[in-house]
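Data first, discussion second: the structure below is written as structure tokens.
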Amino acid sequence: MLSLRRWQTWALSFLFWTIYAILDSAGSLALLALIGQKSVRGNVIIWNFSEAYVWVLFTPLIYAITLRYSFTRHAWKKSLAVHVAMSLLVMTAAAWLLLQVTDILRWGDVTTPFHTRLLSLALQDLPRYFVTAAVAQIVAYYGALRQREAEAVSLEARLAQAQLEVLRAQMEPHFLFNALNSIATLTKKDPAAAEEMTLQLAALLRASLDCVGSQEVSLKQELEFLQNYLDIQQTRFRDRLTIRLNVDPDLLSASVPSLILQPLVENAIRHGIAQSASPGHVDIKATRNNGSLRIEIADNGIGMRNEPEEEREGFGLRNTRARLRQLYGDRQEFRIESAPGGGCRVTLAIPLAASRSGAVH
């Protein structure tokens with residue numbers, strides 16, 4: 001907002017009244033030319049600009065008063081009373097200053113009493129005050145409208161960020177709970193493996209701390225975090241689980257949502273490999289496709305069950321879908337389908353244009 005203490009107020013006031021004086025002078029000169037009185041053109045121009053620049057001095061005051069006493073539905077009566085009083089004061093002061101200039105330059109009829117000339121000029125300038133106040137009201141309203149729009153956008157962004165934080169916070173206890181269940185299962189069967197898995201879980205938790213406060217991390221960081229999780233699962237499944245990575249090295253700096261791969265791989269292992277008695281594999285592939293980062297996670301497990309999609313998707317998949325929608329809107333793709341030859345394949349694509357090197361906080 002403009003105020004009496006900021007130079008923009010005075011600059012805009014000067015610009016406004018300069019334009020006004022130019023237009024007023026143009027109209028006056030056209031009229032003088034029409035009636036054949038060209039000798040006074042110089043005086044008319046000086047008068048118009050003098051009058052305009054006197055009002056430059058009062059415009060910031062009028063603007064400040066309008067900000068304080070705007071014409072709202074509930075306060076217009078009080079504001080009108082204040083503006084009427086101020087208009088009498090301002091137009092009288094402006095007329096007095098202008099008459100001082102005219103008396104010094106010996107313009108006009110100086111034989112007429114000063115108070116008569118003062119009253120006449122002040123009444124002529126009365127509309128100037130309310131035109132200025134009206135313009136100030138419009139500017140103030142427009143400024144308030146833009147501020148409300150900016151606040152609404154900011155509030156919407158904070159709300160979206162808060163929703164993402166909730167989704168992300170829900171994800172971390174989810175995979176922690178599953179990892180602890182796996183450790184508990186191995187405690188009696190294979191204590192050494194359970195101990196190894198506990199250490200791997202500690203490494204996983206330390207890696208997760210690097211992602212705190214980040215909705216996006218580089219693909220390289222995400223794969224490093226995923227590797228900690230895969231170490232746990234390979235300790236659990238031994239030779240029954242094979243992981244195959246196929247990632248374009250040029251994409252390692254691309255940004256991806258943090259903890260986005262772990263629940264997808266976990267879903268492939270829990271609902272695909274773990275449900276099958278034969279050895280299984282999970283293929284993780286990252287490629288560039290039409291300006292998007294495309295990631296595919298496929299397994300050769302038992303495949304998709306004949307259930308409605310909302311029942312087939314667990315917490316991790318629903319959470320992933322919600323996060324992608326929050327982060328990228330319609331610019332993302334998330335699809336779950338049967339893989340050729342059996343098993344399941346999850347495909348997600350996010351715009352590379354929205355990715356930046358490193359983490360985004």
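Naming works like this for the structure tokens: A, B, ... for the chains as they're shown, residue 1 at the start of each chain, ligands 1 onward in shown order.
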field: Backbone DSSP call of strand (DSSP E) for region 266-343 of chain A, listed as a list in words
entry: Gly280, His281, Val282, Asp283, Ile284, Lys285, Ala286, Thr287, Arg288, Asn289, Ser292, Leu293, Arg294, Ile295, Glu296, Ile297, Ala298, Asp299, Glu333, Phe334, Arg335, Ile336, Glu337 and Ser338 of chain A
Please write the residues from the selection above to a file, keeping C-alpha atoms, as a PDB file, in the first residue's frame.
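Result file out.pdb:
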ATOM      1  CA  GLY A 280      10.818 -63.706  -7.775  1.00  0.00           C
ATOM      2  CA  HIS A 281      12.293 -60.544  -9.112  1.00  0.00           C
ATOM      3  CA  VAL A 282      11.415 -56.847  -9.048  1.00  0.00           C
ATOM      4  CA  ASP A 283      12.483 -54.689 -11.978  1.00  0.00           C
ATOM      5  CA  ILE A 284      12.902 -50.943 -11.419  1.00  0.00           C
ATOM      6  CA  LYS A 285      13.277 -48.857 -14.552  1.00  0.00           C
ATOM      7  CA  ALA A 286      13.620 -45.066 -14.961  1.00  0.00           C
ATOM      8  CA  THR A 287      13.561 -43.475 -18.412  1.00  0.00           C
ATOM      9  CA  ARG A 288      12.852 -40.168 -20.119  1.00  0.00           C
ATOM     10  CA  ASN A 289       9.617 -40.056 -22.116  1.00  0.00           C
ATOM     11  CA  SER A 292       8.557 -36.718 -18.340  1.00  0.00           C
ATOM     12  CA  LEU A 293      10.440 -38.939 -15.935  1.00  0.00           C
ATOM     13  CA  ARG A 294       8.857 -42.361 -16.305  1.00  0.00           C
ATOM     14  CA  ILE A 295       9.409 -44.980 -13.597  1.00  0.00           C
ATOM     15  CA  GLU A 296       8.204 -48.574 -13.881  1.00  0.00           C
ATOM     16  CA  ILE A 297       8.241 -51.154 -11.093  1.00  0.00           C
ATOM     17  CA  ALA A 298       7.329 -54.650 -12.229  1.00  0.00           C
ATOM     18  CA  ASP A 299       7.324 -58.010 -10.434  1.00  0.00           C
ATOM     19  CA  GLU A 333       0.384 -40.297 -14.410  1.00  0.00           C
ATOM     20  CA  PHE A 334      -0.028 -43.241 -12.068  1.00  0.00           C
ATOM     21  CA  ARG A 335      -1.142 -46.619 -13.373  1.00  0.00           C
ATOM     22  CA  ILE A 336      -1.323 -50.171 -12.018  1.00  0.00           C
ATOM     23  CA  GLU A 337      -1.740 -53.081 -14.440  1.00  0.00           C
ATOM     24  CA  SER A 338      -0.899 -56.707 -15.023  1.00  0.00           C
TER      25      SER A 338
END
message: I'd like the contact shell of region 121-133 of chain A - 12 Å cut-off, only C-alpha atoms, skipping same-chain residues fewer than 5 positions apart - returned as an MDAnalysis selection string.
response: chainID A and resid 13 16:17 20 51:52 54:56 58:71 79:80 82:99 102 114:116 138:140
message: Under the rule that only C-alpha atoms are counted, which of A:Leu317, A:Leu12, A:Met304, A:Ile273 is the nearest residue to Pro340 (chain A)?
response: A:Met304
Near Leu29 (chain A), within 9 Å and counting only C-alpha atoms, which residues show up once chain neighbours fewer than 3 positions away are dropped, as a PDB file with C-alpha atoms, in the first residue's frame?
ATOM      1  CA  ASP A  24      -6.837  20.715 -19.400  1.00  0.00           C
ATOM      2  CA  SER A  25      -4.410  22.951 -21.293  1.00  0.00           C
ATOM      3  CA  ALA A  26      -5.144  21.228 -24.583  1.00  0.00           C
ATOM      4  CA  LEU A  32      -9.016  29.998 -27.222  1.00  0.00           C
ATOM      5  CA  ALA A  33      -8.119  29.233 -30.827  1.00  0.00           C
ATOM      6  CA  LEU A  34     -11.789  28.865 -31.645  1.00  0.00           C
ATOM      7  CA  LYS A  38      -4.318  33.403 -28.835  1.00  0.00           C
ATOM      8  CA  ARG A  41      -2.297  30.972 -24.287  1.00  0.00           C
ATOM      9  CA  VAL A  44      -3.499  29.675 -19.497  1.00  0.00           C
ATOM     10  CA  ILE A  45      -0.837  26.954 -19.631  1.00  0.00           C
TER      11      ILE A  45
END
message: Report, in Å with one decimal, the straight-line distance from CA of Gly272 (chain A) to CA of Arg331 (chain A).
response: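 It comes out at 28.9 Å.
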message: Give me, as a PyMOL selection string, the residues of region 124-294 of chain A that a backbone DSSP run labels alpha helix (DSSP H).
response: chain A and resi 124+126-189+191-209+219-237+261-268
query: Looking at A:Ala277, A:Ile350, A:Ala184, A:Ile243, which one is nearest to Met197 (chain A), with distances taken over only C-alpha atoms?
result: A:Ala184
- request: Give me the residues within 10 Å of Ile232 (chain A) as a list in words, counting only C-alpha atoms and dropping any in the same chain fewer than 6 places off.
  value: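 So the residues in contact are Ala179, Ser182, Ile183, Ala193, Ala194, Glu196, Met197, Thr198, Leu199, Gln200, Leu201, Ala203, Leu204 and Arg238 of chain A.
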task: Measuring atom to atom with only C-alpha atoms, identify which of A:Leu219, A:Leu119, A:Asn290, A:Ala134 is nearest to Asp248 (chain A).
output: A:Leu219
